[in-house]
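Here's upload-v4.pdb, which has PDB, C-alpha atoms, pLDDT in the B column:
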```pdb
MODEL        1
ATOM      1  CA  MET A   1     -27.380 -18.981  12.267  1.00 40.00           C
ATOM      2  CA  ALA A   2     -25.458 -15.730  11.931  1.00 47.00           C
ATOM      3  CA  THR A   3     -21.682 -15.793  12.027  1.00 53.00           C
ATOM      4  CA  LYS A   4     -19.234 -13.060  12.883  1.00 52.00           C
ATOM      5  CA  PHE A   5     -18.557 -12.505   9.204  1.00 52.00           C
ATOM      6  CA  ASP A   6     -22.164 -11.788   8.257  1.00 52.00           C
ATOM      7  CA  ARG A   7     -21.763  -8.212   9.482  1.00 59.00           C
ATOM      8  CA  LEU A   8     -18.698  -7.687   7.332  1.00 73.00           C
ATOM      9  CA  ASN A   9     -20.658  -6.508   4.333  1.00 83.00           C
ATOM     10  CA  PRO A  10     -18.837  -5.439   1.161  1.00 87.00           C
ATOM     11  CA  LEU A  11     -19.203  -1.730   1.902  1.00 89.00           C
ATOM     12  CA  LYS A  12     -17.566  -2.119   5.322  1.00 91.00           C
ATOM     13  CA  ARG A  13     -14.787  -4.217   3.811  1.00 92.00           C
ATOM     14  CA  LEU A  14     -14.195  -1.545   1.151  1.00 92.00           C
ATOM     15  CA  ALA A  15     -14.008   1.094   3.863  1.00 93.00           C
ATOM     16  CA  TYR A  16     -11.489  -1.007   5.794  1.00 94.00           C
ATOM     17  CA  ALA A  17      -9.445  -1.555   2.626  1.00 94.00           C
ATOM     18  CA  PHE A  18      -9.438   2.194   1.927  1.00 95.00           C
ATOM     19  CA  ILE A  19      -8.347   2.943   5.498  1.00 96.00           C
ATOM     20  CA  GLY A  20      -5.563   0.419   4.960  1.00 96.00           C
ATOM     21  CA  LEU A  21      -4.543   2.214   1.761  1.00 96.00           C
ATOM     22  CA  LEU A  22      -4.395   5.521   3.630  1.00 97.00           C
ATOM     23  CA  ALA A  23      -2.244   3.911   6.329  1.00 97.00           C
ATOM     24  CA  GLY A  24       0.116   2.470   3.711  1.00 96.00           C
ATOM     25  CA  ASP A  25       0.410   5.832   1.987  1.00 97.00           C
ATOM     26  CA  ALA A  26       1.037   7.533   5.338  1.00 97.00           C
ATOM     27  CA  MET A  27       3.869   5.092   5.987  1.00 97.00           C
ATOM     28  CA  LEU A  28       5.359   5.864   2.575  1.00 96.00           C
ATOM     29  CA  LEU A  29       5.100   9.597   3.281  1.00 97.00           C
ATOM     30  CA  LEU A  30       6.932   9.159   6.576  1.00 97.00           C
ATOM     31  CA  TYR A  31       9.625   7.095   4.865  1.00 96.00           C
ATOM     32  CA  LEU A  32      10.116   9.639   2.073  1.00 95.00           C
ATOM     33  CA  LEU A  33      10.217  12.575   4.489  1.00 96.00           C
ATOM     34  CA  GLN A  34      12.712  10.799   6.731  1.00 96.00           C
ATOM     35  CA  ASN A  35      14.975  10.186   3.743  1.00 94.00           C
ATOM     36  CA  ALA A  36      14.549  13.789   2.565  1.00 94.00           C
ATOM     37  CA  LEU A  37      15.536  15.118   5.978  1.00 95.00           C
ATOM     38  CA  ARG A  38      18.558  12.840   6.039  1.00 94.00           C
ATOM     39  CA  GLU A  39      19.590  13.931   2.532  1.00 93.00           C
ATOM     40  CA  ARG A  40      19.025  17.584   3.442  1.00 93.00           C
ATOM     41  CA  ALA A  41      21.285  17.234   6.477  1.00 93.00           C
ATOM     42  CA  SER A  42      23.978  15.583   4.349  1.00 92.00           C
ATOM     43  CA  LEU A  43      23.840  18.358   1.763  1.00 91.00           C
ATOM     44  CA  LEU A  44      23.985  21.028   4.445  1.00 91.00           C
ATOM     45  CA  ALA A  45      27.009  19.347   6.028  1.00 91.00           C
ATOM     46  CA  VAL A  46      29.019  19.380   2.810  1.00 89.00           C
ATOM     47  CA  HIS A  47      27.652  22.750   1.567  1.00 86.00           C
ATOM     48  CA  MET A  48      26.536  21.270  -1.761  1.00 87.00           C
ATOM     49  CA  GLY A  49      23.412  20.888  -3.811  1.00 83.00           C
ATOM     50  CA  GLU A  50      20.039  22.302  -2.948  1.00 88.00           C
ATOM     51  CA  PRO A  51      19.094  21.166   0.540  1.00 87.00           C
ATOM     52  CA  ALA A  52      15.985  23.345   0.594  1.00 87.00           C
ATOM     53  CA  ARG A  53      14.496  21.383  -2.313  1.00 90.00           C
ATOM     54  CA  GLN A  54      14.711  17.937  -0.699  1.00 92.00           C
ATOM     55  CA  ILE A  55      11.459  18.111   1.281  1.00 94.00           C
ATOM     56  CA  PRO A  56       9.366  19.641  -1.541  1.00 94.00           C
ATOM     57  CA  PHE A  57      10.779  17.009  -3.902  1.00 94.00           C
ATOM     58  CA  ALA A  58       9.818  14.243  -1.442  1.00 94.00           C
ATOM     59  CA  LEU A  59       6.287  15.664  -1.171  1.00 96.00           C
ATOM     60  CA  ASP A  60       5.934  15.895  -4.959  1.00 95.00           C
ATOM     61  CA  PHE A  61       7.201  12.349  -5.344  1.00 94.00           C
ATOM     62  CA  PHE A  62       4.763  11.187  -2.667  1.00 96.00           C
ATOM     63  CA  VAL A  63       1.839  12.672  -4.594  1.00 96.00           C
ATOM     64  CA  ILE A  64       2.860  10.672  -7.667  1.00 93.00           C
ATOM     65  CA  CYS A  65       3.298   7.495  -5.605  1.00 92.00           C
ATOM     66  CA  ALA A  66      -0.054   8.055  -3.890  1.00 94.00           C
ATOM     67  CA  MET A  67      -1.787   8.327  -7.272  1.00 93.00           C
ATOM     68  CA  PHE A  68      -0.194   5.063  -8.381  1.00 89.00           C
ATOM     69  CA  SER A  69      -1.108   3.372  -5.112  1.00 93.00           C
ATOM     70  CA  PHE A  70      -4.730   4.462  -5.488  1.00 94.00           C
ATOM     71  CA  VAL A  71      -4.877   3.105  -9.039  1.00 91.00           C
ATOM     72  CA  GLY A  72      -3.223  -0.109  -7.839  1.00 89.00           C
ATOM     73  CA  TRP A  73      -5.794  -0.304  -5.047  1.00 91.00           C
ATOM     74  CA  LEU A  74      -8.564   0.018  -7.634  1.00 91.00           C
ATOM     75  CA  PHE A  75      -7.087  -2.769  -9.784  1.00 88.00           C
ATOM     76  CA  VAL A  76      -5.904  -5.207  -7.106  1.00 89.00           C
ATOM     77  CA  GLY A  77      -6.822  -4.057  -3.601  1.00 87.00           C
ATOM     78  CA  LEU A  78     -10.498  -3.507  -4.287  1.00 89.00           C
ATOM     79  CA  PRO A  79     -11.031  -6.924  -5.914  1.00 90.00           C
ATOM     80  CA  THR A  80      -9.047  -8.551  -3.105  1.00 87.00           C
ATOM     81  CA  ALA A  81     -11.310  -6.935  -0.515  1.00 88.00           C
ATOM     82  CA  LEU A  82     -14.466  -7.908  -2.384  1.00 89.00           C
ATOM     83  CA  PHE A  83     -13.761 -11.378  -3.732  1.00 90.00           C
ATOM     84  CA  PHE A  84     -11.767 -13.082  -1.005  1.00 90.00           C
ATOM     85  CA  PRO A  85     -13.912 -14.134   1.947  1.00 89.00           C
ATOM     86  CA  ALA A  86     -13.256 -12.244   5.161  1.00 88.00           C
ATOM     87  CA  ARG A  87     -13.079 -15.546   7.023  1.00 87.00           C
ATOM     88  CA  SER A  88     -10.055 -16.713   5.032  1.00 88.00           C
ATOM     89  CA  ILE A  89      -8.305 -13.359   5.285  1.00 90.00           C
ATOM     90  CA  THR A  90      -8.703 -13.097   9.056  1.00 90.00           C
ATOM     91  CA  ARG A  91      -7.304 -16.593   9.541  1.00 91.00           C
ATOM     92  CA  LEU A  92      -3.928 -15.636   8.070  1.00 92.00           C
ATOM     93  CA  SER A  93      -1.054 -15.502  10.548  1.00 94.00           C
ATOM     94  CA  TRP A  94       0.703 -12.142  10.882  1.00 94.00           C
ATOM     95  CA  PRO A  95       3.856 -13.214   9.009  1.00 94.00           C
ATOM     96  CA  LEU A  96       1.723 -14.594   6.178  1.00 95.00           C
ATOM     97  CA  THR A  97      -0.366 -11.419   6.218  1.00 94.00           C
ATOM     98  CA  LEU A  98       2.777  -9.354   5.653  1.00 95.00           C
ATOM     99  CA  VAL A  99       3.949 -11.681   2.880  1.00 95.00           C
ATOM    100  CA  VAL A 100       0.581 -11.582   1.100  1.00 94.00           C
ATOM    101  CA  GLY A 101       0.465  -7.805   1.508  1.00 93.00           C
ATOM    102  CA  GLY A 102       3.990  -7.500   0.166  1.00 93.00           C
ATOM    103  CA  VAL A 103       3.105  -9.537  -2.907  1.00 93.00           C
ATOM    104  CA  ILE A 104      -0.065  -7.590  -3.710  1.00 92.00           C
ATOM    105  CA  GLY A 105       1.806  -4.297  -4.273  1.00 91.00           C
ATOM    106  CA  PRO A 106       4.193  -5.393  -7.011  1.00 89.00           C
ATOM    107  CA  VAL A 107       1.347  -7.256  -8.732  1.00 89.00           C
ATOM    108  CA  ALA A 108      -0.684  -4.046  -8.753  1.00 89.00           C
ATOM    109  CA  LEU A 109       2.268  -2.021 -10.008  1.00 86.00           C
ATOM    110  CA  LEU A 110       2.954  -4.550 -12.753  1.00 84.00           C
ATOM    111  CA  ALA A 111      -0.721  -4.397 -13.778  1.00 84.00           C
ATOM    112  CA  ILE A 112      -0.514  -0.600 -13.976  1.00 85.00           C
ATOM    113  CA  PHE A 113       2.651  -0.719 -16.060  1.00 81.00           C
ATOM    114  CA  LEU A 114       1.208  -3.348 -18.400  1.00 81.00           C
ATOM    115  CA  LEU A 115      -1.996  -1.374 -18.899  1.00 82.00           C
ATOM    116  CA  HIS A 116      -0.075   1.849 -19.417  1.00 76.00           C
ATOM    117  CA  ASP A 117       2.359   0.312 -21.891  1.00 68.00           C
ATOM    118  CA  HIS A 118      -0.321  -1.710 -23.730  1.00 65.00           C
ATOM    119  CA  GLY A 119       1.047  -5.062 -22.627  1.00 61.00           C
ATOM    120  CA  HIS A 120       4.732  -4.387 -23.359  1.00 62.00           C
ATOM    121  CA  ILE A 121       7.395  -4.636 -20.705  1.00 64.00           C
ATOM    122  CA  TYR A 122      10.298  -2.246 -21.149  1.00 62.00           C
ATOM    123  CA  LEU A 123      13.489  -3.077 -19.309  1.00 59.00           C
ATOM    124  CA  SER A 124      15.330  -0.190 -17.747  1.00 59.00           C
ATOM    125  CA  SER A 125      19.071   0.254 -17.965  1.00 53.00           C
ATOM    126  CA  SER A 126      19.344   1.075 -14.267  1.00 53.00           C
ATOM    127  CA  ILE A 127      18.578  -1.350 -11.444  1.00 51.00           C
ATOM    128  CA  ALA A 128      17.565   1.554  -9.176  1.00 55.00           C
ATOM    129  CA  GLU A 129      14.942   2.702 -11.678  1.00 63.00           C
ATOM    130  CA  THR A 130      13.459  -0.787 -11.718  1.00 69.00           C
ATOM    131  CA  VAL A 131      13.651  -1.809  -8.069  1.00 78.00           C
ATOM    132  CA  THR A 132      12.671   1.396  -6.250  1.00 83.00           C
ATOM    133  CA  PRO A 133       9.018   1.606  -7.374  1.00 86.00           C
ATOM    134  CA  TYR A 134       8.509  -2.060  -6.536  1.00 89.00           C
ATOM    135  CA  ALA A 135      10.086  -1.579  -3.089  1.00 92.00           C
ATOM    136  CA  TYR A 136       7.738   1.337  -2.410  1.00 93.00           C
ATOM    137  CA  SER A 137       4.786  -0.745  -3.595  1.00 93.00           C
ATOM    138  CA  ILE A 138       5.788  -3.526  -1.201  1.00 94.00           C
ATOM    139  CA  LEU A 139       5.919  -1.060   1.689  1.00 95.00           C
ATOM    140  CA  VAL A 140       2.535   0.478   0.906  1.00 95.00           C
ATOM    141  CA  SER A 141       0.747  -2.801   0.221  1.00 95.00           C
ATOM    142  CA  ALA A 142       2.194  -4.669   3.208  1.00 96.00           C
ATOM    143  CA  VAL A 143       1.108  -1.923   5.605  1.00 96.00           C
ATOM    144  CA  SER A 144      -2.240  -1.522   3.840  1.00 96.00           C
ATOM    145  CA  PHE A 145      -3.058  -5.217   3.942  1.00 96.00           C
ATOM    146  CA  ALA A 146      -1.924  -5.568   7.563  1.00 96.00           C
ATOM    147  CA  VAL A 147      -4.192  -2.685   8.612  1.00 96.00           C
ATOM    148  CA  TYR A 148      -7.049  -4.169   6.574  1.00 96.00           C
ATOM    149  CA  VAL A 149      -6.651  -7.556   8.273  1.00 95.00           C
ATOM    150  CA  ALA A 150      -6.368  -5.914  11.702  1.00 95.00           C
ATOM    151  CA  LEU A 151      -9.602  -4.000  11.114  1.00 94.00           C
ATOM    152  CA  LEU A 152     -11.386  -7.161   9.947  1.00 92.00           C
ATOM    153  CA  ARG A 153     -10.204  -9.047  13.032  1.00 92.00           C
ATOM    154  CA  ARG A 154     -11.237  -6.218  15.334  1.00 91.00           C
ATOM    155  CA  GLN A 155     -14.701  -6.156  13.781  1.00 89.00           C
ATOM    156  CA  ALA A 156     -14.989  -9.929  14.155  1.00 85.00           C
ATOM    157  CA  ARG A 157     -14.014  -9.691  17.848  1.00 85.00           C
ATOM    158  CA  ARG A 158     -16.438  -6.832  18.358  1.00 82.00           C
ATOM    159  CA  ASP A 159     -19.244  -9.038  17.115  1.00 74.00           C
ATOM    160  CA  HIS A 160     -18.671 -11.227  20.246  1.00 56.00           C
ATOM    161  CA  ILE A 161     -18.387 -14.492  18.367  1.00 52.00           C
ATOM    162  CA  SER A 162     -15.109 -16.403  18.324  1.00 46.00           C
TER     163      SER A 162
ENDMDL
END
```
How would this structure read if it were set down as structure tokens?
Amino acid sequence: MATKFDRLNPLKRLAYAFIGLLAGDAMLLLYLLQNALRERASLLAVHMGEPARQIPFALDFFVICAMFSFVGWLFVGLPTALFFPARSITRLSWPLTLVVGGVIGPVALLAIFLLHDHGHIYLSSSIAETVTPYAYSILVSAVSFAVYVALLRRQARRDHIS
């Protein structure tokens, strides 16, 4: 007997995971642009710095973050979408979905750093240098995973089986 999860083949789950990644990156872009506009307004108010460079800097930084998020998706998001059964993922409550999504990002970022640095962990002298990339990874992965779960649930409902 066919279940609602039989139609959730791996290719469809990969597509949903990629759509989730795009949604997470879009959220990061909005966050970075909002901060750039706020910083630009502050610099204009005090007649200091280079306010015109804030938005291009945010866009350049987003491109770097988007590359890291794609690599993290390849290392962690892709295996998560393929190896964990859709049934167990769709049964997660929304708060737990956000927690799981928030944990996936830093794990992916740590994997990237470990692969890049050949297994060595270098401690930074500044807390901001250490925390900021992990905070961005939490934002991207939490949104990405929530969108992925929402798409899986919508597909399961569309299949008319509860």
Each residue of segment 61-91 of chain A lying at most 8 Å from segment 24-28 of chain A should get a row with its shortest atom-to-atom pair and the distance in Å to one decimal, counting all atoms listed in the file; could you produce that, ordered by chain and increasing number, as CSV?
```
residue,atom,partner,partner_atom,distance
A:Phe62,CA,A:Leu28,CA,7.5
A:Ala66,CA,A:Asp25,CA,6.3
A:Ser69,CA,A:Asp25,CA,7.7
```
* To do: Record the distance separating atom CA of Gly102 of chain A and atom CA of Ser137 of chain A, expressed in Å with one decimal.
  => 7.8 Å
* To do: Write out as number ranges by chain the residues lying within 12 Å of Phe145 of chain A, counting only C-alpha atoms and excluding same-chain residues fewer than 2 positions away.
  => A: 13, 16-25, 73, 76-78, 80-81, 89-90, 92, 94-105, 137-143, 147-152
Those residues you just picked out, can you put them in a file as a PDB file, in the frame of the given file with C-alpha atoms?
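The resulting selection.pdb:
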```
ATOM      1  CA  ARG A  13     -14.787  -4.217   3.811  1.00 92.00           C
ATOM      2  CA  TYR A  16     -11.489  -1.007   5.794  1.00 94.00           C
ATOM      3  CA  ALA A  17      -9.445  -1.555   2.626  1.00 94.00           C
ATOM      4  CA  PHE A  18      -9.438   2.194   1.927  1.00 95.00           C
ATOM      5  CA  ILE A  19      -8.347   2.943   5.498  1.00 96.00           C
ATOM      6  CA  GLY A  20      -5.563   0.419   4.960  1.00 96.00           C
ATOM      7  CA  LEU A  21      -4.543   2.214   1.761  1.00 96.00           C
ATOM      8  CA  LEU A  22      -4.395   5.521   3.630  1.00 97.00           C
ATOM      9  CA  ALA A  23      -2.244   3.911   6.329  1.00 97.00           C
ATOM     10  CA  GLY A  24       0.116   2.470   3.711  1.00 96.00           C
ATOM     11  CA  ASP A  25       0.410   5.832   1.987  1.00 97.00           C
ATOM     12  CA  TRP A  73      -5.794  -0.304  -5.047  1.00 91.00           C
ATOM     13  CA  VAL A  76      -5.904  -5.207  -7.106  1.00 89.00           C
ATOM     14  CA  GLY A  77      -6.822  -4.057  -3.601  1.00 87.00           C
ATOM     15  CA  LEU A  78     -10.498  -3.507  -4.287  1.00 89.00           C
ATOM     16  CA  THR A  80      -9.047  -8.551  -3.105  1.00 87.00           C
ATOM     17  CA  ALA A  81     -11.310  -6.935  -0.515  1.00 88.00           C
ATOM     18  CA  ILE A  89      -8.305 -13.359   5.285  1.00 90.00           C
ATOM     19  CA  THR A  90      -8.703 -13.097   9.056  1.00 90.00           C
ATOM     20  CA  LEU A  92      -3.928 -15.636   8.070  1.00 92.00           C
ATOM     21  CA  TRP A  94       0.703 -12.142  10.882  1.00 94.00           C
ATOM     22  CA  PRO A  95       3.856 -13.214   9.009  1.00 94.00           C
ATOM     23  CA  LEU A  96       1.723 -14.594   6.178  1.00 95.00           C
ATOM     24  CA  THR A  97      -0.366 -11.419   6.218  1.00 94.00           C
ATOM     25  CA  LEU A  98       2.777  -9.354   5.653  1.00 95.00           C
ATOM     26  CA  VAL A  99       3.949 -11.681   2.880  1.00 95.00           C
ATOM     27  CA  VAL A 100       0.581 -11.582   1.100  1.00 94.00           C
ATOM     28  CA  GLY A 101       0.465  -7.805   1.508  1.00 93.00           C
ATOM     29  CA  GLY A 102       3.990  -7.500   0.166  1.00 93.00           C
ATOM     30  CA  VAL A 103       3.105  -9.537  -2.907  1.00 93.00           C
ATOM     31  CA  ILE A 104      -0.065  -7.590  -3.710  1.00 92.00           C
ATOM     32  CA  GLY A 105       1.806  -4.297  -4.273  1.00 91.00           C
ATOM     33  CA  SER A 137       4.786  -0.745  -3.595  1.00 93.00           C
ATOM     34  CA  ILE A 138       5.788  -3.526  -1.201  1.00 94.00           C
ATOM     35  CA  LEU A 139       5.919  -1.060   1.689  1.00 95.00           C
ATOM     36  CA  VAL A 140       2.535   0.478   0.906  1.00 95.00           C
ATOM     37  CA  SER A 141       0.747  -2.801   0.221  1.00 95.00           C
ATOM     38  CA  ALA A 142       2.194  -4.669   3.208  1.00 96.00           C
ATOM     39  CA  VAL A 143       1.108  -1.923   5.605  1.00 96.00           C
ATOM     40  CA  VAL A 147      -4.192  -2.685   8.612  1.00 96.00           C
ATOM     41  CA  TYR A 148      -7.049  -4.169   6.574  1.00 96.00           C
ATOM     42  CA  VAL A 149      -6.651  -7.556   8.273  1.00 95.00           C
ATOM     43  CA  ALA A 150      -6.368  -5.914  11.702  1.00 95.00           C
ATOM     44  CA  LEU A 151      -9.602  -4.000  11.114  1.00 94.00           C
ATOM     45  CA  LEU A 152     -11.386  -7.161   9.947  1.00 92.00           C
TER      46      LEU A 152
END
```
* **Nearest residue to Phe113 of chain A from the set A:Tyr134, A:Phe61, A:Arg157, A:Ser42 (distances using only C-alpha atoms)** =>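 So, comparing all the options, the nearest one is A:Tyr134.
The residue set within 12 Å of Ile64 of chain A, counting all atoms listed in the file and dropping same-chain residues fewer than 3 places from it, reads Asp25, Leu28, Leu29, Phe57, Ala58, Leu59, Asp60, Phe61, Met67, Phe68, Ser69, Phe70, Val71, Pro133 and Tyr136 of chain A.
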* Asked: Out of A:Leu32, A:His47, A:Phe84, A:Phe75, which residue has the shortest atom-to-atom distance to Pro10 of chain A when counting all atoms listed in the file?
  ->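 Residue with the minimum atom-to-atom distance to Pro10 of chain A: A:Phe84.
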* **Atom-to-atom span, atom CA of Gln34 of chain A and atom CA of Ile112 of chain A, Å** =>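 So the answer is 27.1 Å.
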* To do: Find the distance between atom CA of His116 of chain A and atom CA of Val131 of chain A and write it in Å to one decimal.
  => 18.2 Å
* To do: Taking the file as shown, find all residues satisfying the PyMOL selection byres ((chain A and resi 9) around 12) and write them as a ChimeraX atom specification.
  => /A:4-8,10-16,81-83,85-86,152,155-156
List the residues sitting within 6 Å of (10.7, 16.5, 4.2) in the file's frame, using only C-alpha atoms, as a CSV table (one decimal) with C-alpha atoms, in the frame of the given file.
```
chain,number,residue,atom,x,y,z
A,33,LEU,CA,10.2,12.6,4.5
A,36,ALA,CA,14.5,13.8,2.6
A,37,LEU,CA,15.5,15.1,6.0
A,55,ILE,CA,11.5,18.1,1.3
```
Taking all atoms of segment 16-25 of chain A that the file lists and extending 5 Å past them on each side, where is the centre of the axis-aligned box and how long are its edges? Answer in Å to one decimal, as lines of an AutoDock Vina configuration file.
```
center_x = -5.5
center_y = 2.1
center_z = 4.0
size_x = 21.9
size_y = 17.4
size_z = 14.6
```
